>>> print(open('entry_33.pdb').read())   # PDB, C-alpha atoms
MODEL        1
ATOM      1  CA  MET A   1      18.423  10.855  17.660
ATOM      2  CA  THR A   2      17.174   7.254  18.098
ATOM      3  CA  ARG A   3      19.216   4.233  17.041
ATOM      4  CA  VAL A   4      16.890   3.554  14.107
ATOM      5  CA  ALA A   5      17.089   7.160  12.937
ATOM      6  CA  LEU A   6      20.885   7.285  13.210
ATOM      7  CA  ILE A   7      21.427   4.001  11.370
ATOM      8  CA  ALA A   8      18.882   4.970   8.735
ATOM      9  CA  VAL A   9      20.636   8.247   8.014
ATOM     10  CA  LEU A  10      23.904   6.374   7.489
ATOM     11  CA  TRP A  11      22.262   3.856   5.165
ATOM     12  CA  ILE A  12      20.597   6.549   3.048
ATOM     13  CA  CYS A  13      24.038   7.531   1.805
ATOM     14  CA  MET A  14      24.832   3.932   0.840
ATOM     15  CA  LEU A  15      21.677   2.891  -1.012
ATOM     16  CA  PRO A  16      20.955   3.486  -4.713
ATOM     17  CA  VAL A  17      18.502   6.269  -5.452
ATOM     18  CA  ALA A  18      15.031   5.022  -6.390
ATOM     19  CA  SER A  19      13.591   5.921  -9.762
ATOM     20  CA  SER A  20      11.160   8.824  -9.974
ATOM     21  CA  ALA A  21       8.263   8.001  -7.674
ATOM     22  CA  GLN A  22       4.846   8.614  -9.125
ATOM     23  CA  LEU A  23       1.362   7.144  -8.957
ATOM     24  CA  ALA A  24       0.188   4.839 -11.720
ATOM     25  CA  PRO A  25      -2.359   6.122 -14.270
ATOM     26  CA  PRO A  26      -5.964   5.386 -13.153
ATOM     27  CA  ASN A  27      -8.129   2.572 -14.478
ATOM     28  CA  GLU A  28     -11.425   3.043 -16.312
ATOM     29  CA  ALA A  29     -13.174   3.672 -12.994
ATOM     30  CA  GLY A  30     -10.724   6.521 -12.324
ATOM     31  CA  VAL A  31      -8.949   4.680  -9.480
ATOM     32  CA  THR A  32      -5.259   4.068  -8.782
ATOM     33  CA  MET A  33      -3.190   3.207  -5.712
ATOM     34  CA  GLY A  34      -2.556   6.308  -3.627
ATOM     35  CA  HIS A  35      -1.136   5.984  -0.129
ATOM     36  CA  VAL A  36      -0.674   3.917   3.012
ATOM     37  CA  HIS A  37      -1.295   5.842   6.233
ATOM     38  CA  LEU A  38       0.613   4.788   9.362
ATOM     39  CA  ASN A  39       0.342   5.615  13.062
ATOM     40  CA  VAL A  40       3.881   5.972  14.433
ATOM     41  CA  ARG A  41       5.302   6.783  17.858
ATOM     42  CA  ASP A  42       8.318   8.714  16.545
ATOM     43  CA  VAL A  43       7.717  10.482  13.230
ATOM     44  CA  ALA A  44      11.347  11.481  12.658
ATOM     45  CA  ALA A  45      12.666   7.972  13.317
ATOM     46  CA  SER A  46       9.938   6.401  11.181
ATOM     47  CA  LYS A  47      10.666   8.786   8.325
ATOM     48  CA  ALA A  48      14.371   7.916   8.521
ATOM     49  CA  PHE A  49      13.429   4.209   8.482
ATOM     50  CA  TRP A  50      11.459   4.555   5.237
ATOM     51  CA  LEU A  51      14.174   6.683   3.656
ATOM     52  CA  ALA A  52      16.667   3.940   4.473
ATOM     53  CA  LEU A  53      14.505   1.495   2.501
ATOM     54  CA  GLY A  54      14.881   3.681  -0.590
ATOM     55  CA  GLY A  55      12.038   6.164  -0.329
ATOM     56  CA  THR A  56      12.227   9.857  -1.155
ATOM     57  CA  ALA A  57      11.065  12.639   1.158
ATOM     58  CA  THR A  58       8.449  14.992  -0.232
ATOM     59  CA  ALA A  59       6.348  17.898   0.981
ATOM     60  CA  LYS A  60       4.013  17.353   3.915
ATOM     61  CA  VAL A  61       0.383  16.620   3.181
ATOM     62  CA  GLY A  62      -1.336  18.604   5.895
ATOM     63  CA  ALA A  63       0.272  17.573   9.179
ATOM     64  CA  ASN A  64       1.514  14.278   7.749
ATOM     65  CA  GLU A  65       5.128  13.575   6.870
ATOM     66  CA  VAL A  66       5.353  11.781   3.524
ATOM     67  CA  VAL A  67       7.870   9.420   1.938
ATOM     68  CA  LYS A  68       7.427   8.499  -1.738
ATOM     69  CA  PHE A  69       8.096   5.179  -3.459
ATOM     70  CA  PRO A  70       7.272   4.228  -7.035
ATOM     71  CA  GLY A  71       3.530   3.591  -6.958
ATOM     72  CA  VAL A  72       2.694   4.778  -3.422
ATOM     73  CA  LEU A  73       3.045   7.502  -0.809
ATOM     74  CA  ILE A  74       3.719   6.547   2.814
ATOM     75  CA  PHE A  75       1.948   8.921   5.237
ATOM     76  CA  LEU A  76       3.319   9.163   8.776
ATOM     77  CA  ARG A  77       1.200  10.531  11.619
ATOM     78  CA  GLN A  78       2.239  10.660  15.250
ATOM     79  CA  GLY A  79       0.121   8.428  17.443
ATOM     80  CA  GLU A  80       0.154   5.344  19.655
ATOM     81  CA  ALA A  81      -0.993   2.403  17.534
ATOM     82  CA  THR A  82      -3.370  -0.144  19.047
ATOM     83  CA  GLY A  83      -1.238  -2.938  17.558
ATOM     84  CA  GLY A  84       0.630  -4.167  14.513
ATOM     85  CA  SER A  85      -0.926  -5.154  11.209
ATOM     86  CA  ALA A  86      -0.557  -8.940  11.638
ATOM     87  CA  GLY A  87      -3.892 -10.340  12.749
ATOM     88  CA  SER A  88      -5.885  -7.535  11.137
ATOM     89  CA  ILE A  89      -7.918  -7.532   7.936
ATOM     90  CA  VAL A  90      -4.836  -6.130   6.135
ATOM     91  CA  ASP A  91      -2.163  -8.487   7.439
ATOM     92  CA  HIS A  92       0.620  -6.882   5.428
ATOM     93  CA  VAL A  93       1.572  -4.725   2.496
ATOM     94  CA  GLY A  94       4.420  -5.474   0.133
ATOM     95  CA  PHE A  95       7.213  -4.078  -2.006
ATOM     96  CA  LEU A  96       9.352  -5.719  -4.674
ATOM     97  CA  VAL A  97      13.103  -5.181  -4.307
ATOM     98  CA  LYS A  98      15.771  -5.527  -6.964
ATOM     99  CA  ASP A  99      18.493  -6.730  -4.568
ATOM    100  CA  GLY A 100      17.174  -8.989  -1.841
ATOM    101  CA  ALA A 101      20.515  -9.368  -0.074
ATOM    102  CA  ALA A 102      20.911  -5.592   0.218
ATOM    103  CA  SER A 103      17.360  -5.295   1.529
ATOM    104  CA  VAL A 104      17.986  -7.935   4.202
ATOM    105  CA  ALA A 105      21.251  -6.233   5.163
ATOM    106  CA  THR A 106      19.405  -2.948   5.609
ATOM    107  CA  PHE A 107      16.860  -4.503   7.960
ATOM    108  CA  LYS A 108      19.604  -6.248   9.936
ATOM    109  CA  THR A 109      21.313  -2.911  10.415
ATOM    110  CA  LEU A 110      18.054  -1.196  11.385
ATOM    111  CA  GLY A 111      17.457  -3.915  13.954
ATOM    112  CA  THR A 112      13.767  -4.549  13.320
ATOM    113  CA  LYS A 113      12.058  -7.948  13.301
ATOM    114  CA  MET A 114      12.536 -10.228  10.276
ATOM    115  CA  GLU A 115      11.061 -13.561   9.128
ATOM    116  CA  LEU A 116      13.375 -14.650   6.308
ATOM    117  CA  ASN A 117      12.374 -17.168   3.658
ATOM    118  CA  ALA A 118      14.481 -20.207   2.709
ATOM    119  CA  SER A 119      16.646 -18.198   0.301
ATOM    120  CA  GLY A 120      17.568 -15.670   2.973
ATOM    121  CA  ARG A 121      17.048 -12.898   0.413
ATOM    122  CA  GLY A 122      13.448 -11.998   1.225
ATOM    123  CA  GLY A 123      10.525 -12.739   3.482
ATOM    124  CA  PHE A 124       8.572 -10.679   5.999
ATOM    125  CA  PHE A 125       9.937  -7.619   7.775
ATOM    126  CA  TYR A 126       8.504  -5.235  10.351
ATOM    127  CA  THR A 127       8.576  -1.495  10.852
ATOM    128  CA  PRO A 128       9.365  -0.190  14.362
ATOM    129  CA  ASP A 129       5.611   0.221  14.966
ATOM    130  CA  GLY A 130       4.612  -3.244  13.784
ATOM    131  CA  LEU A 131       3.533  -2.875  10.150
ATOM    132  CA  ARG A 132       4.270  -6.206   8.469
ATOM    133  CA  LEU A 133       6.010  -5.937   5.087
ATOM    134  CA  GLU A 134       6.526  -8.636   2.465
ATOM    135  CA  MET A 135       9.539  -7.833   0.271
ATOM    136  CA  PRO A 136      10.404 -10.515  -2.318
ATOM    137  CA  GLU A 137      13.354 -10.101  -4.658
ATOM    138  CA  ARG A 138      12.777  -9.263  -8.347
ATOM    139  CA  PRO A 139      16.211  -8.792 -10.005
ATOM    140  CA  MET A 140      14.631  -8.025 -13.394
ATOM    141  CA  GLN A 141      12.992  -4.770 -12.283
ATOM    142  CA  THR A 142      14.660  -1.436 -12.976
ATOM    143  CA  ALA A 143      13.933   0.441  -9.747
ATOM    144  CA  PRO A 144      15.569  -0.656  -6.481
ATOM    145  CA  ILE A 145      12.139  -0.861  -4.803
ATOM    146  CA  VAL A 146       8.529  -0.510  -5.979
ATOM    147  CA  PHE A 147       5.182  -0.907  -4.235
ATOM    148  CA  ASP A 148       3.498  -4.228  -4.956
ATOM    149  CA  GLN A 149       0.605  -5.442  -2.792
ATOM    150  CA  ILE A 150      -2.028  -5.100  -0.112
ATOM    151  CA  HIS A 151      -2.805  -8.524   1.352
ATOM    152  CA  PHE A 152      -6.173  -9.089   3.019
ATOM    153  CA  PHE A 153      -6.636 -11.990   5.453
ATOM    154  CA  VAL A 154     -10.363 -12.652   5.203
ATOM    155  CA  PRO A 155     -12.177 -14.568   7.974
ATOM    156  CA  GLU A 156     -14.282 -17.341   6.501
ATOM    157  CA  PRO A 157     -16.893 -18.095   7.476
ATOM    158  CA  ALA A 158     -17.493 -14.534   8.567
ATOM    159  CA  PRO A 159     -20.450 -12.964  10.412
ATOM    160  CA  GLY A 160     -23.366 -12.646   8.039
ATOM    161  CA  GLY A 161     -22.024 -15.413   5.823
ATOM    162  CA  LYS A 162     -19.751 -13.168   3.758
ATOM    163  CA  THR A 163     -16.932 -14.968   1.978
ATOM    164  CA  MET A 164     -13.557 -14.083   0.514
ATOM    165  CA  ALA A 165     -15.202 -14.168  -2.907
ATOM    166  CA  ASP A 166     -17.648 -11.516  -1.697
ATOM    167  CA  MET A 167     -14.735  -9.263  -0.749
ATOM    168  CA  GLU A 168     -13.082  -9.730  -4.138
ATOM    169  CA  ALA A 169     -16.369  -8.898  -5.842
ATOM    170  CA  TRP A 170     -16.829  -5.791  -3.666
ATOM    171  CA  TYR A 171     -13.452  -4.334  -4.679
ATOM    172  CA  ALA A 172     -14.133  -5.184  -8.307
ATOM    173  CA  THR A 173     -17.532  -3.477  -8.237
ATOM    174  CA  VAL A 174     -16.556  -0.416  -6.189
ATOM    175  CA  PHE A 175     -13.064   0.293  -7.525
ATOM    176  CA  GLY A 176     -12.872  -1.581 -10.815
ATOM    177  CA  ALA A 177     -10.298  -4.164  -9.664
ATOM    178  CA  GLN A 178      -9.516  -6.665 -12.401
ATOM    179  CA  PRO A 179      -8.621 -10.389 -12.134
ATOM    180  CA  GLY A 180      -4.994 -11.045 -11.270
ATOM    181  CA  GLN A 181      -2.771 -14.110 -11.067
ATOM    182  CA  PRO A 182      -3.447 -16.320  -8.002
ATOM    183  CA  GLY A 183      -0.363 -17.552  -6.194
ATOM    184  CA  GLY A 184       1.302 -18.751  -3.018
ATOM    185  CA  ASN A 185       2.338 -22.187  -1.871
ATOM    186  CA  PRO A 186      -0.248 -24.834  -0.854
ATOM    187  CA  ALA A 187      -0.275 -23.491   2.715
ATOM    188  CA  THR A 188      -0.711 -19.853   1.746
ATOM    189  CA  LEU A 189      -2.777 -19.793  -1.431
ATOM    190  CA  TYR A 190      -4.251 -16.422  -2.350
ATOM    191  CA  GLU A 191      -6.560 -14.976  -4.951
ATOM    192  CA  ALA A 192      -5.675 -11.685  -6.586
ATOM    193  CA  LYS A 193      -7.227  -8.628  -8.152
ATOM    194  CA  ILE A 194      -5.344  -5.770  -9.744
ATOM    195  CA  LEU A 195      -5.696  -2.011  -9.464
ATOM    196  CA  PRO A 196      -3.157   0.297 -11.116
ATOM    197  CA  GLY A 197      -0.094   0.383  -8.867
ATOM    198  CA  VAL A 198      -1.141  -2.465  -6.554
ATOM    199  CA  ASN A 199      -2.045  -6.141  -6.394
ATOM    200  CA  LEU A 200      -4.950  -6.779  -4.037
ATOM    201  CA  ARG A 201      -4.402 -10.238  -2.555
ATOM    202  CA  TYR A 202      -6.948 -12.238  -0.589
ATOM    203  CA  SER A 203      -6.320 -15.231   1.682
ATOM    204  CA  LYS A 204      -8.837 -17.123   3.794
ATOM    205  CA  ASN A 205      -8.302 -16.862   7.543
ATOM    206  CA  ALA A 206      -9.678 -19.452   9.934
ATOM    207  CA  THR A 207     -10.078 -17.023  12.840
ATOM    208  CA  PRO A 208     -11.577 -13.535  13.239
ATOM    209  CA  VAL A 209      -9.400 -10.551  12.386
ATOM    210  CA  ALA A 210      -9.314  -6.991  13.690
ATOM    211  CA  ALA A 211     -10.301  -3.839  11.839
ATOM    212  CA  ILE A 212      -7.300  -1.668  10.974
ATOM    213  CA  ARG A 213      -8.339   1.823  12.076
ATOM    214  CA  GLY A 214      -6.088   2.970  14.910
ATOM    215  CA  SER A 215      -3.493   0.243  14.352
ATOM    216  CA  ALA A 216       0.017   0.675  12.932
ATOM    217  CA  LEU A 217      -1.687   0.645   9.522
ATOM    218  CA  ASP A 218      -4.532   3.098  10.081
ATOM    219  CA  HIS A 219      -5.889   3.075   6.544
ATOM    220  CA  ILE A 220      -5.152   2.494   2.892
ATOM    221  CA  GLY A 221      -5.780   5.159   0.281
ATOM    222  CA  PHE A 222      -6.849   5.203  -3.339
ATOM    223  CA  GLU A 223      -6.407   8.222  -5.610
ATOM    224  CA  VAL A 224      -9.547   8.869  -7.657
ATOM    225  CA  LYS A 225     -10.123  11.008 -10.726
ATOM    226  CA  ASN A 226     -13.272  13.172 -10.453
ATOM    227  CA  LEU A 227     -13.667  12.187  -6.815
ATOM    228  CA  GLU A 228     -16.852  14.162  -6.144
ATOM    229  CA  ALA A 229     -18.746  12.373  -8.925
ATOM    230  CA  PHE A 230     -17.235   9.043  -7.839
ATOM    231  CA  CYS A 231     -18.491   9.532  -4.274
ATOM    232  CA  LYS A 232     -21.975  10.453  -5.466
ATOM    233  CA  LYS A 233     -22.041   7.240  -7.503
ATOM    234  CA  LEU A 234     -21.091   5.153  -4.463
ATOM    235  CA  GLU A 235     -23.664   6.893  -2.280
ATOM    236  CA  ALA A 236     -26.344   6.200  -4.885
ATOM    237  CA  ALA A 237     -25.320   2.520  -4.716
ATOM    238  CA  GLY A 238     -25.933   2.510  -0.963
ATOM    239  CA  ILE A 239     -22.351   2.844   0.299
ATOM    240  CA  ARG A 240     -22.093   4.951   3.448
ATOM    241  CA  PHE A 241     -19.165   7.274   4.064
ATOM    242  CA  ASP A 242     -17.436   7.858   7.388
ATOM    243  CA  MET A 243     -16.550  11.288   5.989
ATOM    244  CA  PRO A 244     -18.280  12.531   2.831
ATOM    245  CA  TYR A 245     -16.505  14.230  -0.029
ATOM    246  CA  THR A 246     -14.630  17.206   1.380
ATOM    247  CA  LYS A 247     -12.424  19.763  -0.325
ATOM    248  CA  ARG A 248      -9.212  20.641   1.494
ATOM    249  CA  PRO A 249      -8.004  23.846  -0.210
ATOM    250  CA  ASP A 250      -5.478  24.314   2.602
ATOM    251  CA  ILE A 251      -3.509  21.336   1.294
ATOM    252  CA  GLY A 252      -4.743  21.270  -2.275
ATOM    253  CA  ILE A 253      -6.596  17.960  -2.284
ATOM    254  CA  ALA A 254     -10.094  16.525  -1.820
ATOM    255  CA  ILE A 255     -10.816  13.561   0.462
ATOM    256  CA  ALA A 256     -13.492  11.125   1.590
ATOM    257  CA  PHE A 257     -13.427   8.155   3.999
ATOM    258  CA  LEU A 258     -15.321   4.876   4.064
ATOM    259  CA  THR A 259     -14.953   1.456   5.665
ATOM    260  CA  ASP A 260     -15.398  -1.713   3.664
ATOM    261  CA  PRO A 261     -17.727  -4.438   5.054
ATOM    262  CA  TRP A 262     -14.708  -6.318   6.492
ATOM    263  CA  GLY A 263     -13.239  -3.458   8.523
ATOM    264  CA  THR A 264     -10.723  -1.907   6.139
ATOM    265  CA  TYR A 265     -10.630   1.859   6.635
ATOM    266  CA  ILE A 266     -10.148   3.545   3.246
ATOM    267  CA  GLU A 267      -9.372   7.112   2.281
ATOM    268  CA  LEU A 268     -10.211   8.353  -1.212
ATOM    269  CA  THR A 269      -8.213  11.321  -2.431
ATOM    270  CA  GLU A 270      -7.906  13.559  -5.461
ATOM    271  CA  GLY A 271      -4.756  15.584  -5.886
ATOM    272  CA  LEU A 272      -1.975  13.412  -4.438
ATOM    273  CA  ASP A 273      -0.439  13.042  -7.881
ATOM    274  CA  LYS A 274       0.921  16.585  -7.395
ATOM    275  CA  PHE A 275       3.144  15.561  -4.473
TER     276      PHE A 275
ENDMDL
END
>>> encode(input="entry_33.pdb", output="structure tokens")
Amino acid sequence: MTRVALIAVLWICMLPVASSAQLAPPNEAGVTMGHVHLNVRDVAASKAFWLALGGTATAKVGANEVVKFPGVLIFLRQGEATGGSAGSIVDHVGFLVKDGAASVATFKTLGTKMELNASGRGGFFYTPDGLRLEMPERPMQTAPIVFDQIHFFVPEPAPGGKTMADMEAWYATVFGAQPGQPGGNPATLYEAKILPGVNLRYSKNATPVAAIRGSALDHIGFEVKNLEAFCKKLEAAGIRFDMPYTKRPDIGIAIAFLTDPWGTYIELTEGLDKF
């Protein structure tokens, strides 16, 4: 057993149990946050890492190990990532934690990289495979940890003249994302859109960024009601799929894959709410 796995197992016994993990109800477009799919060198150690953060193990989805948190499923697939998430179109994802000091203590014990903020109770943290996590403290929430955000770092100007505003509009048109509350300090201002279960945040980036497919964060996933009809609607609007709508009766879900114009690999699913 690796050091991370051993320490994680010990910490699982010490952390409070998270509230029942489930996906948020869909919006009017039928879309809600679904999953985050990671490439990891050591599946067992990575699973223990996420359990130590307060997740709950659930049944496999196909060949993928899965850890549940309120609002999201974390998929773990064995593979050698091309790099971490920092410097890619999705620079980081984020959770809100009830007890920031306990969260920091967990990461110190796990021994992974941290970039603490001035309070020392939050900041940026890294998984063993390089996924960047933002985990601010929210003492008022009920659950120990809940999924919060996907943060896009958008190159501007970008090839073809596309802007950050174009990306925001694309997610609003395709998935029904609604206006959210902008935020950040003067050096890290971001715009925001909201989907059920997740804040989509957008920051301008002065340099080019990498696509995510094959990295530590291989793709993000949205759960969609009536997925087949949803995919037909997108195809009629001119959106091309990397994998068209496909039923997977062997695992009880349906899937489709597409890539947004900025290089974000996206899986659409129907049926993950059963896991």
>>> resolve_selection(input="entry_33.pdb", expression="the PyMOL selection byres ((chain A and resi 238-255) around 9)", output="list of chain:residue names")
A:Lys60, A:Val61, A:Gly62, A:Leu227, A:Glu228, A:Cys231, A:Lys232, A:Lys233, A:Leu234, A:Glu235, A:Ala236, A:Ala237, A:Ala256, A:Phe257, A:Leu258, A:Thr259, A:Asp260, A:Glu267, A:Leu268, A:Thr269, A:Glu270, A:Gly271, A:Leu272, A:Lys274
>>> residues_near_point(input="entry_33.pdb", point="(0.1, 3.1, -0.7)", cutoff="7 Å", atoms="all atoms listed in the file", output="list of chain:residue names")
A:Met33, A:Gly34, A:His35, A:Val36, A:Val72, A:Leu73, A:Ile74, A:Ile220, A:Gly221
>>> resolve_selection(input="entry_33.pdb", expression="the PyMOL selection byres ((chain A and resi 96) around 7)", output="list in words")
Gly94, Phe95, Val97, Lys98, Met135, Pro136, Glu137, Arg138, Ile145, Val146, Phe147 and Asp148 of chain A
>>> resolve_selection(input="entry_33.pdb", expression="the PyMOL selection byres ((chain A and resi 120) around 12)", output="list in words")
Asp99, Gly100, Ala101, Ala102, Ser103, Val104, Ala105, Lys108, Met114, Glu115, Leu116, Asn117, Ala118, Ser119, Arg121, Gly122, Gly123, Phe124, Met135, Pro136 and Glu137 of chain A
>>> closest_residue(input="entry_33.pdb", among="A:Ile266, A:Ser46, A:Gly214, A:Ala52", to="Pro144 in chain A", atoms="only C-alpha atoms")
A:Ala52
>>> closest_residue(input="entry_33.pdb", among="A:Thr109, A:Thr163, A:Gln22, A:Gln141", to="Thr58 in chain A", atoms="all atoms listed in the file")
A:Gln22
>>> axis_aligned_box(input="entry_33.pdb", around="range 71-88 of chain A", padding_each_side="5 Å", output="AutoDock Vina command-line options")
--center_x -1.1 --center_y 0.2 --center_z 6.3 --size_x 19.6 --size_y 31.0 --size_z 36.6
